[in-house]
$ cat target.cif   # mmCIF, C-alpha atoms
data_query
#
loop_
_atom_site.label_atom_id
_atom_site.label_comp_id
_atom_site.auth_asym_id
_atom_site.auth_seq_id
_atom_site.Cartn_x
_atom_site.Cartn_y
_atom_site.Cartn_z
CA MET U 1 117.94 98.59 73.73
CA LYS U 2 120.89 98.03 76.02
CA ILE U 3 120.59 99.51 79.52
CA LEU U 4 123.34 99.48 82.13
CA LEU U 5 122.26 99.92 85.76
CA ALA U 6 125.09 101.08 88.03
CA LEU U 7 124.97 100.66 91.84
CA THR U 8 127.61 101.00 94.52
CA VAL U 9 126.44 97.84 96.25
CA TYR U 10 123.71 95.30 95.49
CA GLU U 11 122.25 93.99 98.73
CA VAL U 12 119.01 93.68 100.65
CA GLY U 13 117.05 96.89 101.19
CA GLY U 14 117.30 100.56 100.29
CA VAL U 15 118.41 101.55 96.79
CA SER U 16 118.96 97.92 95.82
CA SER U 17 115.28 97.12 96.33
CA VAL U 18 114.33 99.97 93.97
CA ALA U 19 116.76 98.60 91.39
CA ARG U 20 115.38 95.09 91.90
CA ASN U 21 111.81 96.28 91.30
CA LEU U 22 112.93 97.94 88.06
CA LEU U 23 114.91 94.88 86.95
CA ASP U 24 111.82 92.72 87.40
CA CYS U 25 109.89 94.98 85.02
CA PHE U 26 112.27 94.84 82.02
CA SER U 27 110.83 92.22 79.67
CA GLU U 28 113.24 89.69 78.26
CA GLY U 29 113.86 90.14 74.53
CA GLU U 30 113.03 93.85 74.41
CA PHE U 31 115.95 94.91 76.59
CA ASP U 32 119.53 93.84 77.09
CA ILE U 33 120.09 94.59 80.79
CA ILE U 34 123.45 94.81 82.55
CA LEU U 35 123.79 95.30 86.30
CA LEU U 36 127.15 96.80 87.29
CA THR U 37 128.08 97.03 90.95
CA GLU U 38 131.17 97.76 93.05
CA LYS U 39 130.22 95.12 95.60
CA PHE U 40 127.89 92.15 95.33
CA PHE U 41 127.13 90.50 98.66
CA HIS U 42 126.22 86.92 97.83
CA GLU U 43 124.99 86.13 101.36
CA HIS U 44 122.21 88.74 101.30
CA TYR U 45 121.03 90.08 97.97
CA PRO U 46 117.75 90.27 96.08
CA ILE U 47 117.71 87.51 93.45
CA ILE U 48 118.03 88.76 89.86
CA ASN U 49 116.57 87.17 86.75
CA ASN U 50 118.75 84.91 84.60
CA ASN U 51 118.45 87.24 81.60
CA ILE U 52 120.29 90.03 83.45
CA ARG U 53 124.04 90.10 83.10
CA LEU U 54 126.07 90.96 86.19
CA ILE U 55 129.35 92.89 86.25
CA ASN U 56 130.86 92.81 89.73
CA LEU U 57 133.86 95.16 90.00
CA ASP U 58 134.67 93.47 93.33
CA ILE U 59 135.89 96.67 94.97
CA PHE U 60 135.46 96.63 98.74
CA PRO U 61 135.66 99.59 101.15
CA GLN U 62 139.06 100.58 102.44
CA LYS U 63 139.77 102.16 105.80
CA TYR U 64 142.85 104.25 105.03
CA PHE U 65 142.94 107.44 103.00
CA PHE U 66 145.27 106.47 100.13
CA ALA U 67 143.70 103.02 99.78
CA LYS U 68 140.29 104.73 99.53
CA VAL U 69 141.55 107.10 96.82
CA SER U 70 143.08 104.15 94.97
CA ASN U 71 139.72 102.35 95.14
CA ILE U 72 137.92 105.30 93.56
CA ILE U 73 140.45 105.54 90.73
CA ARG U 74 140.22 101.78 90.10
CA HIS U 75 136.45 102.01 90.04
CA ILE U 76 136.38 104.83 87.47
CA ILE U 77 138.96 103.17 85.18
CA SER U 78 137.21 99.80 85.38
CA MET U 79 133.80 101.33 84.73
CA ARG U 80 135.08 103.24 81.71
CA ARG U 81 136.52 100.00 80.30
CA HIS U 82 133.19 98.20 80.69
CA ILE U 83 131.22 101.08 79.15
CA ILE U 84 133.53 101.15 76.12
CA ARG U 85 133.16 97.38 75.72
CA GLU U 86 129.39 97.21 76.25
CA THR U 87 128.38 100.48 74.50
CA PRO U 88 125.03 100.81 76.35
CA ASP U 89 122.29 103.05 74.99
CA ILE U 90 121.35 104.22 78.48
CA ILE U 91 123.18 104.29 81.80
CA LEU U 92 120.91 104.42 84.84
CA SER U 93 122.96 105.28 87.91
CA PHE U 94 121.90 105.07 91.57
CA GLY U 95 123.17 107.42 94.28
CA ALA U 96 125.56 110.37 94.50
CA TYR U 97 128.82 108.42 94.68
CA MET U 98 128.04 106.17 91.74
CA ASN U 99 126.62 109.12 89.80
CA CYS U 100 129.93 110.96 90.12
CA HIS U 101 131.92 107.86 89.12
CA VAL U 102 129.77 107.37 86.01
CA LEU U 103 130.17 110.99 84.93
CA LEU U 104 133.93 110.94 85.59
CA SER U 105 134.33 107.71 83.60
CA LEU U 106 132.71 109.37 80.58
CA LEU U 107 134.91 112.47 80.52
CA PHE U 108 136.71 112.74 77.14
CA TYR U 109 134.67 109.76 75.92
CA SER U 110 135.16 109.49 72.15
CA GLY U 111 132.55 106.82 71.32
CA LYS U 112 128.80 107.18 70.95
CA ARG U 113 127.79 108.72 74.26
CA PRO U 114 125.01 106.87 76.09
CA LYS U 115 122.10 108.73 77.60
CA ILE U 116 122.83 109.26 81.29
CA ILE U 117 120.06 109.15 83.89
CA LEU U 118 121.16 109.84 87.46
CA THR U 119 118.98 108.99 90.45
CA GLU U 120 119.19 110.63 93.88
CA HIS U 121 117.80 108.69 96.84
CA SER U 122 119.26 110.37 99.92
CA GLN U 123 119.32 113.71 101.73
CA GLU U 124 122.72 112.97 103.25
CA MET U 125 124.80 114.84 100.66
CA PHE U 126 122.75 118.00 101.13
CA LEU U 127 122.84 118.28 104.92
CA LYS U 128 125.41 119.97 107.14
CA ILE U 129 128.23 117.66 108.19
CA ARG U 130 128.23 117.14 111.95
CA ASN U 131 130.43 115.18 114.34
CA GLN U 132 132.38 113.41 111.60
CA ASN U 133 136.09 112.73 111.24
CA ILE U 134 138.34 114.68 108.88
CA ARG U 135 138.49 111.86 106.31
CA TYR U 136 134.70 111.70 106.03
CA ILE U 137 134.45 115.48 105.69
CA PHE U 138 137.14 115.47 102.98
CA PHE U 139 135.45 112.83 100.81
CA ASN U 140 131.96 114.18 101.41
CA THR U 141 133.05 117.68 100.40
CA SER U 142 134.94 116.35 97.38
CA TYR U 143 131.84 114.57 96.08
CA ARG U 144 129.73 117.68 96.61
CA VAL U 145 132.18 119.62 94.44
CA LEU U 146 132.03 116.88 91.79
CA MET U 147 128.24 116.99 91.86
CA PHE U 148 128.34 120.75 91.38
CA LEU U 149 130.72 120.43 88.41
CA LEU U 150 129.36 117.30 86.73
CA TYR U 151 125.61 116.92 87.32
CA CYS U 152 124.84 119.38 84.51
CA ARG U 153 126.28 116.78 82.07
CA ALA U 154 123.49 114.28 82.80
CA ASP U 155 120.52 113.96 80.44
CA TYR U 156 118.09 113.54 83.32
CA ILE U 157 118.20 113.49 87.11
CA VAL U 158 115.48 111.47 88.84
CA THR U 159 114.87 112.27 92.50
CA VAL U 160 112.70 110.21 94.85
CA SER U 161 111.16 113.24 96.54
CA LYS U 162 110.30 116.87 95.83
CA SER U 163 112.56 117.84 98.73
CA ILE U 164 115.66 116.41 97.03
CA ALA U 165 114.63 117.91 93.67
CA ALA U 166 114.42 121.38 95.26
CA ARG U 167 117.87 121.02 96.79
CA ILE U 168 119.44 119.95 93.49
CA LYS U 169 117.86 122.90 91.67
CA LYS U 170 119.07 125.28 94.37
CA ILE U 171 122.59 123.96 94.98
CA PHE U 172 123.78 122.55 91.67
CA PHE U 173 122.16 124.91 89.15
CA VAL U 174 120.87 122.02 87.06
CA SER U 175 118.37 122.97 84.37
CA PRO U 176 114.86 122.32 85.79
CA HIS U 177 113.72 120.49 82.64
CA LYS U 178 116.27 117.75 83.38
CA ILE U 179 114.84 116.98 86.82
CA ARG U 180 112.04 114.48 87.39
CA VAL U 181 110.44 113.42 90.69
CA ILE U 182 109.48 109.73 90.65
CA TYR U 183 108.53 108.12 93.94
CA ASN U 184 109.93 104.66 94.67
CA PRO U 185 107.95 101.75 93.23
CA VAL U 186 106.60 99.04 95.53
CA ASN U 187 105.40 95.61 94.43
CA ILE U 188 102.38 95.24 96.72
CA ASN U 189 101.28 91.78 95.56
CA LYS U 190 104.76 90.34 96.06
CA ILE U 191 105.04 91.91 99.52
CA LYS U 192 101.71 90.42 100.59
CA GLU U 193 102.91 87.00 99.42
CA LEU U 194 106.18 87.31 101.36
CA CYS U 195 104.27 88.38 104.49
CA ARG U 196 102.80 84.88 104.70
CA GLU U 197 106.19 83.21 105.17
CA LYS U 198 106.54 81.90 108.73
CA ASP U 199 109.57 82.34 110.96
CA LEU U 200 110.03 81.21 114.56
CA LEU U 201 111.89 83.90 116.48
CA LEU U 202 113.73 82.99 119.66
CA ASN U 203 112.28 84.79 122.71
CA PHE U 204 109.43 86.30 120.65
CA ASN U 205 106.18 86.36 122.63
CA ASP U 206 103.16 86.29 120.30
CA ALA U 207 100.86 87.17 123.18
CA LEU U 208 102.42 90.64 123.55
CA PRO U 209 101.92 93.61 121.20
CA CYS U 210 104.95 94.26 119.01
CA ILE U 211 106.47 97.46 117.70
CA GLY U 212 109.39 97.36 115.32
CA THR U 213 111.46 98.76 112.51
CA VAL U 214 113.46 97.64 109.48
CA SER U 215 116.63 99.63 108.95
CA ARG U 216 120.34 99.76 108.42
CA LEU U 217 121.77 100.08 111.91
CA SER U 218 123.72 103.31 111.54
CA SER U 219 123.63 106.55 113.50
CA GLU U 220 121.50 108.58 111.05
CA LYS U 221 118.68 106.02 111.35
CA GLY U 222 117.97 107.08 114.95
CA ILE U 223 117.47 103.54 116.29
CA HIS U 224 118.84 104.50 119.72
CA PHE U 225 115.90 106.92 120.11
CA LEU U 226 113.56 104.03 119.30
CA ILE U 227 115.13 101.83 121.99
CA GLN U 228 114.94 104.66 124.54
CA GLY U 229 111.31 105.31 123.55
CA PHE U 230 110.50 101.62 123.93
CA LYS U 231 111.88 101.73 127.48
CA VAL U 232 109.44 104.58 128.26
CA LEU U 233 106.57 102.66 126.59
CA LEU U 234 107.18 99.64 128.86
CA ASP U 235 106.30 101.78 131.88
CA LYS U 236 102.74 101.94 130.48
CA LYS U 237 102.34 98.79 128.40
CA ASP U 238 104.12 95.46 128.12
CA ALA U 239 105.36 94.85 124.57
CA MET U 240 108.12 93.48 122.32
CA LEU U 241 110.53 95.46 120.12
CA LEU U 242 111.65 93.88 116.84
CA ILE U 243 114.66 95.44 115.04
CA VAL U 244 115.28 94.01 111.58
CA GLY U 245 118.61 94.78 109.90
CA ASP U 246 122.30 95.09 110.61
CA GLY U 247 125.06 97.66 110.56
CA ALA U 248 127.93 99.34 112.37
CA GLU U 249 125.77 100.40 115.35
CA ARG U 250 124.39 96.96 116.19
CA LEU U 251 126.72 96.10 119.08
CA ARG U 252 126.21 99.53 120.65
CA LEU U 253 122.42 99.22 120.33
CA GLU U 254 122.43 95.74 121.85
CA GLN U 255 124.52 97.06 124.73
CA MET U 256 122.08 99.96 125.20
CA ALA U 257 119.15 97.53 125.47
CA LYS U 258 121.10 95.54 128.07
CA GLU U 259 121.99 98.64 130.11
CA LEU U 260 118.35 99.79 130.07
CA GLY U 261 117.30 96.39 131.44
CA ILE U 262 115.09 95.55 128.45
CA LYS U 263 117.35 93.07 126.65
CA GLU U 264 114.78 90.24 126.90
CA LYS U 265 112.14 92.43 125.25
CA VAL U 266 114.27 93.52 122.27
CA ILE U 267 115.01 91.17 119.37
CA PHE U 268 117.64 91.90 116.71
CA THR U 269 117.09 89.66 113.69
CA GLY U 270 120.14 90.71 111.65
CA LEU U 271 120.01 90.79 107.85
CA THR U 272 117.31 88.86 106.05
CA ASN U 273 116.23 88.33 102.46
CA ASN U 274 112.60 88.67 103.55
CA PRO U 275 111.93 91.46 106.08
CA PHE U 276 108.18 91.32 105.34
CA LYS U 277 107.63 88.16 107.39
CA TYR U 278 108.85 90.19 110.38
CA ILE U 279 106.88 93.34 109.55
CA ALA U 280 103.78 91.13 109.47
CA LYS U 281 104.42 90.32 113.17
CA MET U 282 104.39 94.01 114.12
CA ASP U 283 101.38 95.88 115.47
CA VAL U 284 103.09 99.24 114.86
CA PHE U 285 105.98 100.10 112.53
CA ILE U 286 108.25 102.98 113.57
CA LEU U 287 110.82 104.82 111.44
CA PRO U 288 112.92 107.06 113.72
CA SER U 289 115.33 108.33 111.02
CA LEU U 290 117.11 111.67 111.34
CA CYS U 291 117.01 112.10 107.54
CA GLU U 292 115.60 110.13 104.59
CA GLY U 293 115.33 110.49 100.84
CA PHE U 294 112.08 108.64 100.36
CA PRO U 295 111.87 105.57 102.60
CA ASN U 296 110.66 102.46 100.76
CA VAL U 297 110.17 100.71 104.06
CA LEU U 298 107.28 102.99 105.05
CA LEU U 299 105.35 102.06 101.91
CA GLU U 300 106.30 98.41 102.39
CA ALA U 301 104.99 98.44 105.98
CA MET U 302 101.74 99.99 104.72
CA ALA U 303 101.54 97.25 102.08
CA CYS U 304 101.83 94.71 104.94
CA GLY U 305 98.81 96.37 106.58
CA VAL U 306 100.79 97.72 109.54
CA PRO U 307 100.16 101.27 110.87
CA VAL U 308 103.24 103.50 110.67
CA ILE U 309 104.89 106.20 112.77
CA ALA U 310 107.78 108.22 111.35
CA THR U 311 109.85 111.24 112.26
CA ASP U 312 109.14 114.44 110.37
CA SER U 313 112.82 114.69 109.47
CA PRO U 314 114.44 116.29 106.39
CA GLY U 315 113.56 114.48 103.19
CA GLY U 316 110.57 112.75 101.66
CA ILE U 317 108.87 111.25 104.73
CA ARG U 318 106.25 114.01 104.85
CA GLU U 319 105.54 113.31 101.16
CA ALA U 320 104.67 109.70 102.04
CA ILE U 321 102.67 110.35 105.22
CA ASN U 322 99.61 112.56 105.59
CA ASN U 323 99.74 113.02 109.35
CA GLY U 324 96.78 111.42 111.11
CA VAL U 325 95.42 109.92 107.87
CA ASN U 326 97.79 107.16 106.71
CA GLY U 327 100.33 107.43 109.52
CA LEU U 328 101.66 109.59 112.33
CA LEU U 329 104.47 112.14 112.10
CA ILE U 330 106.51 112.92 115.22
CA LYS U 331 109.47 115.14 116.07
CA PRO U 332 112.92 113.70 115.29
CA ARG U 333 115.17 112.72 118.22
CA SER U 334 112.22 112.47 120.61
CA SER U 335 112.08 109.20 122.54
CA LEU U 336 109.06 110.51 124.47
CA GLU U 337 107.01 111.11 121.30
CA ILE U 338 107.94 107.65 120.02
CA ALA U 339 106.61 106.14 123.25
CA GLU U 340 103.44 108.25 123.34
CA SER U 341 102.50 107.70 119.69
CA ALA U 342 103.16 103.95 119.92
CA TYR U 343 101.03 103.75 123.08
CA ASP U 344 98.19 105.64 121.36
CA LEU U 345 98.15 103.25 118.39
CA LEU U 346 98.44 100.13 120.54
CA SER U 347 95.61 101.37 122.77
CA ASN U 348 93.32 102.52 119.95
CA ARG U 349 93.45 100.11 117.01
CA GLU U 350 90.72 101.95 115.13
#
$ encode --input "target.cif" --output "structure tokens"
Amino acid sequence: MKILLALTVYEVGGVSSVARNLLDCFSEGEFDIILLTEKFFHEHYPIINNNIRLINLDIFPQKYFFAKVSNIIRHIISMRRHIIRETPDIILSFGAYMNCHVLLSLLFYSGKRPKIILTEHSQEMFLKIRNQNIRYIFFNTSYRVLMFLLYCRADYIVTVSKSIAARIKKIFFVSPHKIRVIYNPVNINKIKELCREKDLLLNFNDALPCIGTVSRLSSEKGIHFLIQGFKVLLDKKDAMLLIVGDGAERLRLEQMAKELGIKEKVIFTGLTNNPFKYIAKMDVFILPSLCEGFPNVLLEAMACGVPVIATDSPGGIREAINNGVNGLLIKPRSSLEIAESAYDLLSNRE
């Protein structure tokens, strides 16, 4: 059986880690696996097995409107060409943008049509658009329209939370029998092994308790609330803050830590192929996101044996955490609750 997995970008974290876990489970000989991606970042990507063929469309983001439109058209044409050449039995697509591109590439397809399985991992496409520029609103709205028109053509739609499944049923009028909820898989044994890797961090003080997070550094992840909450925590308890990841907000977040006078207590590690060695250093893991589909990183932190705090924001977080049992849920956008809940866990290990 030939299966083509389609991702926008293959990198460390998020959707790519879900794809990587699936790729590891396809046994060689039984399946012919192809990984197709728009962008393949060689510096930071989860290693794939030698038996998996890679198709890198090598299409990178463009800033200007017409260049962005041209990119999308190139992507769809190139994908259609590869599908015709490879004739996969199944296409497994990850994320709203790639889902739309796959469905568009198969319009008026005359060959044997592959089974199409779409996966939805994020709440972002279903939330109200706030404080965004006109270009973002245009493309976001365009993809919502495409989802409304095209999602009914899929054979199945897999969502990573019941919350996303309910939104798809409500907004896109997809037949309920096509929708499946499958929570993200986590390889616990592998995570525990990676936790044991050692890393010497500059300015890290092992004698102090450590709170931290692993995240893309973008506005919807709410990292600025974490930094503000850490500042409040320091008034009660000396500690370190470890922020693992990178993104467009990094410089602004580093500047915020400097302005708050806590720069020496906050460590930004940047991107890493192994975030688990850093999670293992944490006494408390905090996810301050403003929205999430179903955050792998919460399960991964639990697998590392670290207690978790997360915002009760739209999405699948409340499906992963039973408040007060396997983690704490707090209000989104509340630096004070971040500080108080972190202090409670650091003060009461039991």
$ atom_distance --input "target.cif" --atom1 "atom CA of U:Arg74" --atom2 "atom CA of U:Asp155"
25.1 Å
$ atom_distance --input "target.cif" --atom1 "atom CA of U:Ser70" --atom2 "atom CA of U:Ile137"
17.8 Å
$ residues_near_point --input "target.cif" --point "(124.2, 117.7, 83.9)" --cutoff "10 Å" --atoms "only C-alpha atoms" --output "JSON, numbers by chain"
{"U": [103, 116, 117, 118, 147, 148, 149, 150, 151, 152, 153, 154, 155, 156, 157, 172, 173, 174, 175, 178, 179]}
$ closest_residue --input "target.cif" --among "U:Arg333, U:Lys265, U:Lys190, U:Lys258" --to "U:Ser219" --atoms "all atoms listed in the file"
U:Arg333
$ atom_distance --input "target.cif" --atom1 "atom CA of U:Ala6" --atom2 "atom CA of U:Thr159"
15.8 Å
